[in-house]
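So this one's protein-v8.tsv, TSV, C-alpha atoms:
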chain	number	residue	atom	x	y	z
A	1	MET	CA	88.87	103.37	155.37
A	2	PHE	CA	85.12	103.98	155.37
A	3	GLN	CA	83.21	101.51	157.53
A	4	ASP	CA	79.44	101.35	157.69
A	5	LYS	CA	76.58	98.85	157.62
A	6	TYR	CA	76.12	96.59	154.64
A	7	VAL	CA	73.45	97.61	152.13
A	8	PHE	CA	71.21	94.71	153.16
A	9	ALA	CA	71.52	95.71	156.83
A	10	GLN	CA	70.62	99.30	155.95
A	11	LEU	CA	67.49	98.13	154.12
A	12	THR	CA	66.34	95.88	156.96
A	13	SER	CA	66.86	98.70	159.47
A	14	PHE	CA	63.64	100.27	158.15
A	15	LEU	CA	61.64	97.25	159.37
A	16	ASN	CA	59.68	97.65	162.58
A	17	ARG	CA	61.44	95.16	164.87
A	18	SER	CA	59.18	95.79	167.87
A	19	LYS	CA	56.06	95.07	165.78
A	20	PHE	CA	57.60	91.80	164.60
A	21	ASN	CA	58.52	90.81	168.17
A	22	ARG	CA	54.94	91.37	169.33
A	23	ILE	CA	53.65	89.11	166.56
A	24	VAL	CA	56.24	86.44	167.43
A	25	THR	CA	55.16	86.58	171.08
A	26	LYS	CA	51.54	86.28	170.00
A	27	TYR	CA	52.19	82.98	168.17
A	28	ASP	CA	55.01	81.70	170.49
A	29	GLY	CA	57.41	81.63	167.58
A	30	ASP	CA	60.61	81.82	169.64
A	31	LYS	CA	59.47	79.44	172.37
A	32	TYR	CA	62.31	77.04	173.32
A	33	VAL	CA	64.51	78.63	170.62
A	34	LYS	CA	68.16	79.28	171.56
A	35	HIS	CA	69.96	80.37	168.40
A	36	PHE	CA	68.03	80.65	165.12
A	37	THR	CA	65.15	83.00	165.97
A	38	CYS	CA	62.20	84.06	163.82
A	39	TRP	CA	63.94	87.36	163.08
A	40	ASN	CA	67.02	85.49	161.80
A	41	GLN	CA	64.74	83.32	159.67
A	42	LEU	CA	62.97	86.36	158.21
A	43	LEU	CA	66.25	88.05	157.22
A	44	ALA	CA	67.61	84.82	155.73
A	45	LEU	CA	64.51	84.46	153.55
A	46	MET	CA	64.60	88.14	152.61
A	47	PHE	CA	68.23	87.77	151.56
A	48	GLY	CA	67.19	85.21	148.95
A	49	GLN	CA	64.83	87.66	147.23
A	50	PRO	CA	67.26	90.42	146.07
A	51	SER	CA	70.02	87.86	145.46
A	52	ASN	CA	67.68	85.92	143.12
A	53	ARG	CA	68.02	82.55	144.84
A	54	GLU	CA	65.95	79.79	143.25
A	55	SER	CA	65.89	77.15	146.00
A	56	LEU	CA	66.74	76.50	149.62
A	57	ARG	CA	70.03	74.88	148.68
A	58	ASP	CA	70.92	77.83	146.45
A	59	LEU	CA	70.20	80.22	149.33
A	60	ILE	CA	72.39	78.27	151.75
A	61	VAL	CA	75.27	78.22	149.25
A	62	ALA	CA	75.06	82.01	148.94
A	63	LEU	CA	74.98	82.46	152.73
A	64	GLU	CA	77.93	80.13	153.23
A	65	ALA	CA	79.92	82.22	150.76
A	66	HIS	CA	79.35	85.19	153.11
A	67	HIS	CA	79.69	83.19	156.31
A	68	SER	CA	81.76	85.84	158.07
A	69	LYS	CA	79.16	88.53	157.30
A	70	CYS	CA	76.01	86.72	158.49
A	71	TYR	CA	76.20	88.16	162.00
A	72	HIS	CA	76.48	91.73	160.71
A	73	LEU	CA	73.60	91.09	158.31
A	74	GLY	CA	71.37	90.16	161.28
A	75	MET	CA	71.06	86.41	160.59
A	76	GLY	CA	73.07	85.15	163.53
A	77	LYS	CA	76.44	83.47	163.53
A	78	ASN	CA	75.46	80.62	161.24
A	79	VAL	CA	72.59	79.61	158.97
A	80	SER	CA	72.58	75.92	158.10
A	81	LYS	CA	70.27	74.12	155.73
A	82	PRO	CA	68.72	71.78	158.38
A	83	SER	CA	68.02	74.72	160.72
A	84	LEU	CA	66.37	76.84	158.03
A	85	ALA	CA	64.40	73.90	156.61
A	86	ARG	CA	63.18	72.89	160.07
A	87	ALA	CA	62.19	76.46	160.89
A	88	ASN	CA	60.23	76.79	157.63
A	89	GLN	CA	58.43	73.54	158.37
A	90	ASP	CA	57.63	73.89	162.07
A	91	ARG	CA	57.04	77.60	162.71
A	92	ASP	CA	53.64	79.19	162.27
A	93	TYR	CA	53.34	80.93	158.93
A	94	HIS	CA	50.88	83.43	160.41
A	95	ILE	CA	53.87	85.23	161.96
A	96	PHE	CA	55.26	86.24	158.58
A	97	GLU	CA	51.85	86.66	156.95
A	98	GLU	CA	50.61	89.12	159.59
A	99	TYR	CA	53.88	91.03	159.52
A	100	ALA	CA	53.80	91.23	155.70
A	101	TYR	CA	50.39	92.90	155.81
A	102	TYR	CA	51.73	95.53	158.22
A	103	PRO	CA	54.09	97.33	155.74
A	104	VAL	CA	51.43	96.88	153.06
A	105	SER	CA	48.91	98.80	155.17
A	106	GLU	CA	51.51	101.44	155.98
A	107	ALA	CA	52.30	101.89	152.27
A	108	ARG	CA	48.62	102.17	151.40
A	109	GLN	CA	48.16	104.94	153.95
A	110	LYS	CA	51.14	106.83	152.55
A	111	CYS	CA	49.92	106.46	148.95
A	112	ALA	CA	46.25	107.20	149.62
A	113	ASN	CA	44.86	109.11	146.65
A	114	HIS	CA	41.10	109.38	146.17
A	115	ILE	CA	40.90	109.38	142.39
A	116	PHE	CA	37.32	108.26	141.86
A	117	LYS	CA	35.82	110.08	144.91
A	118	LEU	CA	33.20	107.40	145.47
A	119	GLY	CA	33.26	107.55	149.27
A	120	GLY	CA	35.10	104.22	149.61
A	121	ASN	CA	38.10	102.24	148.41
A	122	VAL	CA	38.04	100.67	144.95
A	123	TYR	CA	39.38	97.12	144.73
A	124	ALA	CA	39.96	94.76	141.81
A	125	PHE	CA	39.98	91.05	142.63
A	126	ASP	CA	41.50	88.50	140.27
A	127	SER	CA	43.76	85.46	140.20
A	128	THR	CA	46.73	84.16	138.26
A	129	THR	CA	47.92	80.57	137.84
A	130	ILE	CA	51.57	79.65	138.33
A	131	ASP	CA	52.66	76.40	136.68
A	132	LEU	CA	54.85	74.07	138.75
A	133	CYS	CA	56.72	70.86	138.07
A	134	LEU	CA	54.55	68.05	139.42
A	135	SER	CA	57.52	65.78	140.20
A	136	VAL	CA	58.97	68.44	142.53
A	137	PHE	CA	55.77	70.06	143.87
A	138	TRP	CA	53.73	66.88	144.18
A	139	CYS	CA	51.33	68.47	146.69
A	140	ALA	CA	50.22	71.11	144.14
A	141	LYS	CA	48.55	68.72	141.71
A	142	PHE	CA	46.61	70.54	139.00
A	143	ARG	CA	46.12	68.04	136.19
A	144	LYS	CA	47.27	64.53	135.48
A	145	LYS	CA	50.81	65.54	134.49
A	146	LYS	CA	50.87	69.14	135.60
A	147	GLY	CA	51.12	70.99	138.89
A	148	GLY	CA	50.30	74.54	139.80
A	149	ILE	CA	49.06	77.04	142.35
A	150	LYS	CA	46.70	79.98	142.03
A	151	VAL	CA	47.43	83.36	143.59
A	152	HIS	CA	44.30	85.40	144.36
A	153	THR	CA	45.04	89.09	144.77
A	154	LEU	CA	42.88	91.97	145.97
A	155	TYR	CA	44.36	95.04	144.26
A	156	ASP	CA	43.78	98.56	145.53
A	157	VAL	CA	43.15	100.49	142.30
A	158	GLU	CA	43.74	103.96	143.73
A	159	THR	CA	47.02	103.28	145.57
A	160	GLN	CA	48.11	100.58	143.06
A	161	ILE	CA	49.19	98.32	145.95
A	162	PRO	CA	47.91	94.77	146.55
A	163	ALA	CA	45.89	94.70	149.77
A	164	PHE	CA	45.27	90.95	150.16
A	165	PHE	CA	46.84	87.71	148.93
A	166	HIS	CA	45.56	84.16	149.08
A	167	ILE	CA	47.30	81.10	147.60
A	168	THR	CA	45.36	77.93	146.75
A	169	GLU	CA	45.74	74.93	144.49
A	170	ALA	CA	45.26	75.70	140.82
A	171	SER	CA	42.15	73.52	140.69
A	172	VAL	CA	40.24	75.72	143.16
A	173	HIS	CA	37.62	77.87	141.43
A	174	ASP	CA	37.90	81.64	141.78
A	175	SER	CA	34.45	82.11	143.30
A	176	LYS	CA	35.29	79.86	146.26
A	177	VAL	CA	37.93	82.32	147.47
A	178	MET	CA	35.54	85.27	147.73
A	179	ILE	CA	34.69	84.34	151.31
A	180	GLU	CA	38.36	84.79	152.32
A	181	ILE	CA	38.49	88.49	151.43
A	182	PRO	CA	38.66	90.84	154.47
A	183	TYR	CA	35.67	92.95	153.51
A	184	GLU	CA	35.24	96.58	154.49
A	185	PRO	CA	32.01	98.50	155.24
A	186	SER	CA	31.70	100.66	152.11
A	187	PRO	CA	34.16	99.78	149.33
A	188	TYR	CA	33.68	98.91	145.66
A	189	TYR	CA	34.83	95.47	144.48
A	190	ILE	CA	35.42	94.85	140.77
A	191	SER	CA	35.78	91.30	139.44
A	192	ASP	CA	35.32	89.33	136.24
A	193	ARG	CA	32.82	86.60	135.38
A	194	GLY	CA	34.78	83.99	137.29
A	195	TYR	CA	33.34	85.47	140.49
A	196	ASN	CA	29.75	85.57	139.23
A	197	ASN	CA	28.31	83.52	142.09
A	198	PHE	CA	25.21	85.18	143.50
A	199	LYS	CA	24.75	82.56	146.19
A	200	MET	CA	28.21	83.34	147.53
A	201	LEU	CA	27.60	87.09	147.29
A	202	TYR	CA	24.39	86.71	149.28
A	203	LYS	CA	26.24	84.66	151.92
A	204	ILE	CA	28.97	87.30	152.13
A	205	HIS	CA	26.30	89.96	152.55
A	206	GLN	CA	24.73	88.05	155.43
A	207	TYR	CA	27.92	87.28	157.34
A	208	HIS	CA	29.98	90.44	156.84
A	209	PHE	CA	27.93	93.59	156.42
A	210	GLU	CA	24.65	94.96	155.19
A	211	GLN	CA	25.84	97.44	152.57
A	212	PHE	CA	27.85	95.51	150.01
A	213	GLU	CA	28.96	97.39	146.90
A	214	SER	CA	30.09	95.12	144.07
A	215	ILE	CA	30.48	95.52	140.31
A	216	PRO	CA	31.00	92.07	138.75
A	217	TYR	CA	30.82	91.38	135.02
A	218	LEU	CA	27.60	89.39	134.80
A	219	LEU	CA	26.44	86.70	132.41
A	220	ASN	CA	24.91	87.65	129.08
A	221	SER	CA	21.42	87.32	130.55
A	222	CYS	CA	21.98	90.25	132.93
A	223	HIS	CA	23.13	93.80	132.68
A	224	TYR	CA	23.46	96.90	134.83
A	225	ILE	CA	21.64	100.18	134.42
A	226	PRO	CA	24.11	103.09	134.51
A	227	ILE	CA	23.09	105.61	137.15
A	228	SER	CA	25.95	108.11	137.31
A	229	CYS	CA	29.04	108.81	135.27
A	230	GLN	CA	32.31	110.37	136.31
A	231	GLU	CA	35.22	111.65	134.29
A	232	ILE	CA	38.50	109.79	134.81
A	233	GLY	CA	41.57	111.92	135.38
A	234	ARG	CA	44.92	111.59	133.68
A	235	PHE	CA	46.35	109.43	136.50
A	236	ALA	CA	43.40	107.05	136.53
A	237	GLN	CA	43.68	106.43	132.80
A	238	HIS	CA	46.74	104.30	133.54
A	239	VAL	CA	44.60	102.15	135.86
A	240	VAL	CA	41.26	101.91	134.00
A	241	PHE	CA	41.90	101.12	130.35
A	242	SER	CA	38.58	100.30	128.73
A	243	SER	CA	35.88	102.35	130.46
A	244	SER	CA	35.29	105.85	131.73
A	245	VAL	CA	31.90	105.16	133.34
A	246	CYS	CA	31.31	104.43	137.05
A	247	LEU	CA	28.13	102.64	138.12
A	248	ASP	CA	26.55	103.04	141.55
A	249	VAL	CA	25.18	99.61	142.45
A	250	LYS	CA	22.97	98.85	145.43
A	251	PRO	CA	23.38	95.63	147.46
A	252	ILE	CA	22.73	92.57	145.34
A	253	CYS	CA	20.57	90.73	147.85
A	254	SER	CA	18.27	93.72	148.41
A	255	ALA	CA	18.40	95.32	144.96
A	256	ASN	CA	15.38	96.58	143.09
A	257	PHE	CA	15.01	94.28	140.09
A	258	LEU	CA	13.24	95.30	136.91
A	259	HIS	CA	11.49	92.69	134.78
A	260	ASN	CA	9.31	93.74	131.86
A	261	GLY	CA	9.05	97.23	133.34
A	262	LYS	CA	7.92	96.01	136.78
A	263	SER	CA	9.97	96.44	139.95
A	264	THR	CA	10.43	93.57	142.41
A	265	ASP	CA	12.44	92.97	145.58
A	266	CYS	CA	13.07	89.21	145.28
A	267	PRO	CA	16.63	87.79	145.28
A	268	PHE	CA	18.30	87.08	141.95
A	269	SER	CA	18.12	83.29	142.27
A	270	GLU	CA	14.34	83.39	142.75
A	271	LEU	CA	13.95	85.87	139.89
A	272	LYS	CA	15.93	83.65	137.52
A	273	LYS	CA	13.96	80.58	138.58
A	274	LYS	CA	10.69	82.45	138.05
A	275	HIS	CA	11.45	84.04	134.68
A	276	GLY	CA	14.10	81.75	133.23
A	277	ASN	CA	16.88	83.32	131.17
A	278	ASP	CA	14.97	86.47	130.30
A	279	THR	CA	16.86	89.72	130.60
A	280	ALA	CA	16.85	91.13	134.14
A	281	SER	CA	18.39	94.40	135.25
A	282	PHE	CA	18.91	95.82	138.68
A	283	GLN	CA	19.68	99.37	139.69

Whole structure given in structure tokens:
Amino acid sequence: MFQDKYVFAQLTSFLNRSKFNRIVTKYDGDKYVKHFTCWNQLLALMFGQPSNRESLRDLIVALEAHHSKCYHLGMGKNVSKPSLARANQDRDYHIFEEYAYYPVSEARQKCANHIFKLGGNVYAFDSTTIDLCLSVFWCAKFRKKKGGIKVHTLYDVETQIPAFFHITEASVHDSKVMIEIPYEPSPYYISDRGYNNFKMLYKIHQYHFEQFESIPYLLNSCHYIPISCQEIGRFAQHVVFSSSVCLDVKPICSANFLHNGKSTDCPFSELKKKHGNDTASFQ
């Protein structure tokens, strides 16, 4: 009779256990813990994803059905509902968040493919709203009789892998999450009009770095001047659907603005206050 590890145990064997242990030690996750460790908690939560569990109770029912196999799956001898619920409530979520970004960064390095050849990574930042039942998720109040959360995702266009996630209440405006992005020295960030907040962009420029490359869709009163174009390959056509033009944009807070044919170096807010809603372009 053939005997080997279960499929779930074979999948989890690819996880870097030593990296996870260092993160747990960093946040004292297993301090005063005797039985149900952070590693057991991680595997129990991961088991609910491929088995399509919809709630904590549903997950516990599935684990109890395989009670004799829990030890060989890496979850310990027993996983009870109070233990898992208490661990989810009391343990620091930064343990699992930091460890989740580790395989994401490893996958991005493996899938690195410089399609646009712009000298930096190309990111697309957007959000999606997930509706929730307000009677169950009372803390995620969105409207009077509706609940919801908003997932903000920074998507690496070239590797097609999300590089950053941030979850807020659905009532939080998109532009307020821009400050949470882990910015890099010389990337290109693409966003829609929901992130058209020049005051926030100027603040990000001051606190993070001096050379900030951003390509937001502006209001109707502004437009960009195309500087250089680049052909998009066959692979990139599956990523960029509606445009084959790349714009090189200088930092917003130190851009050269053109108004009525004259160049000026003033910030956008002062330019708009000075000239009203007249058309202004920067290159």

Pick from A:Leu118, A:Cys38, A:Leu134, A:Leu73, whichever lies nearest to Ile23 (chain A) using all atoms listed in the file: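 Among the listed residues, A:Cys38 lies closest to Ile23 (chain A).
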
Contacts of Asn113 (chain A) at 10 Å or less, counting only C-alpha atoms, minus same-chain residues fewer than 5 places along, as a list in words?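 Residues meeting the cut-off are Arg108, Asn121, Val157, Glu158, Thr159 and Gln160 of chain A.
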
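The neighbours of region 83-85 of chain A here are the residues that come within 8 Å of it, using all atoms listed in the file and leaving out any residue fewer than 2 positions away in the same chain; they are Phe36, Gln41, Leu56, Val79, Ser80, Lys81, Ala87, Asn88 and Gln89 of chain A.
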
I'd like to know which of A:His72, A:Ser127, A:Asn197, A:Glu169 is closest to Gly147 (chain A), using all atoms listed in the file. A:Glu169

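Each of A:Ala140, A:Ile161, A:Ala124, A:Val151 was compared to His173 (chain A) using all atoms listed in the file, and A:Val151 turns out to be the nearest.
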
By how many Å are CA of Thr25 (chain A) and CA of Pro103 (chain A) apart? 18.8 Å

Please, what distance in Å, to one decimal, runs between CA of Leu154 (chain A) and CA of His166 (chain A)?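 Pair CA of Leu154 (chain A) / CA of His166 (chain A) returns 8.8 Å.
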
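In this comparison, which uses all atoms listed in the file, the residue of A:Ser18, A:Pro182, A:Asn196, A:Thr129 approaching Ile167 (chain A) most closely is A:Thr129.
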
Show me, as number ranges by chain, the residues that have an atom within 12 Å of Tyr6 (chain A) when counting only C-alpha atoms, minus same-chain residues fewer than 4 positions from it. A: 2, 10-13, 66, 69-74

Two-atom distance - CA of Val136 (chain A), CA of Glu180 (chain A) (Å): 28.1 Å

Give the centre and edge lengths of an axis-aligned box, in Å to one decimal, that holds all listed atoms of region 54-62 of chain A with 8 Å on each side, as JSON.
{"center_x": 70.6, "center_y": 78.4, "center_z": 147.5, "size_x": 25.4, "size_y": 23.1, "size_z": 24.5}

Using all atoms listed in the file, which residues sit within 12 Å of Gly48 (chain A) once same-chain residues fewer than 3 positions away are excluded, as a PyMOL selection string? chain A and resi 8+41-45+51-63

So which residues are close to (49.1, 69.0, 133.8), meaning at most 10 Å away in the file's coordinates with all atoms listed in the file counted, and can you show them as a PyMOL selection string? chain A and resi 131-134+141-148
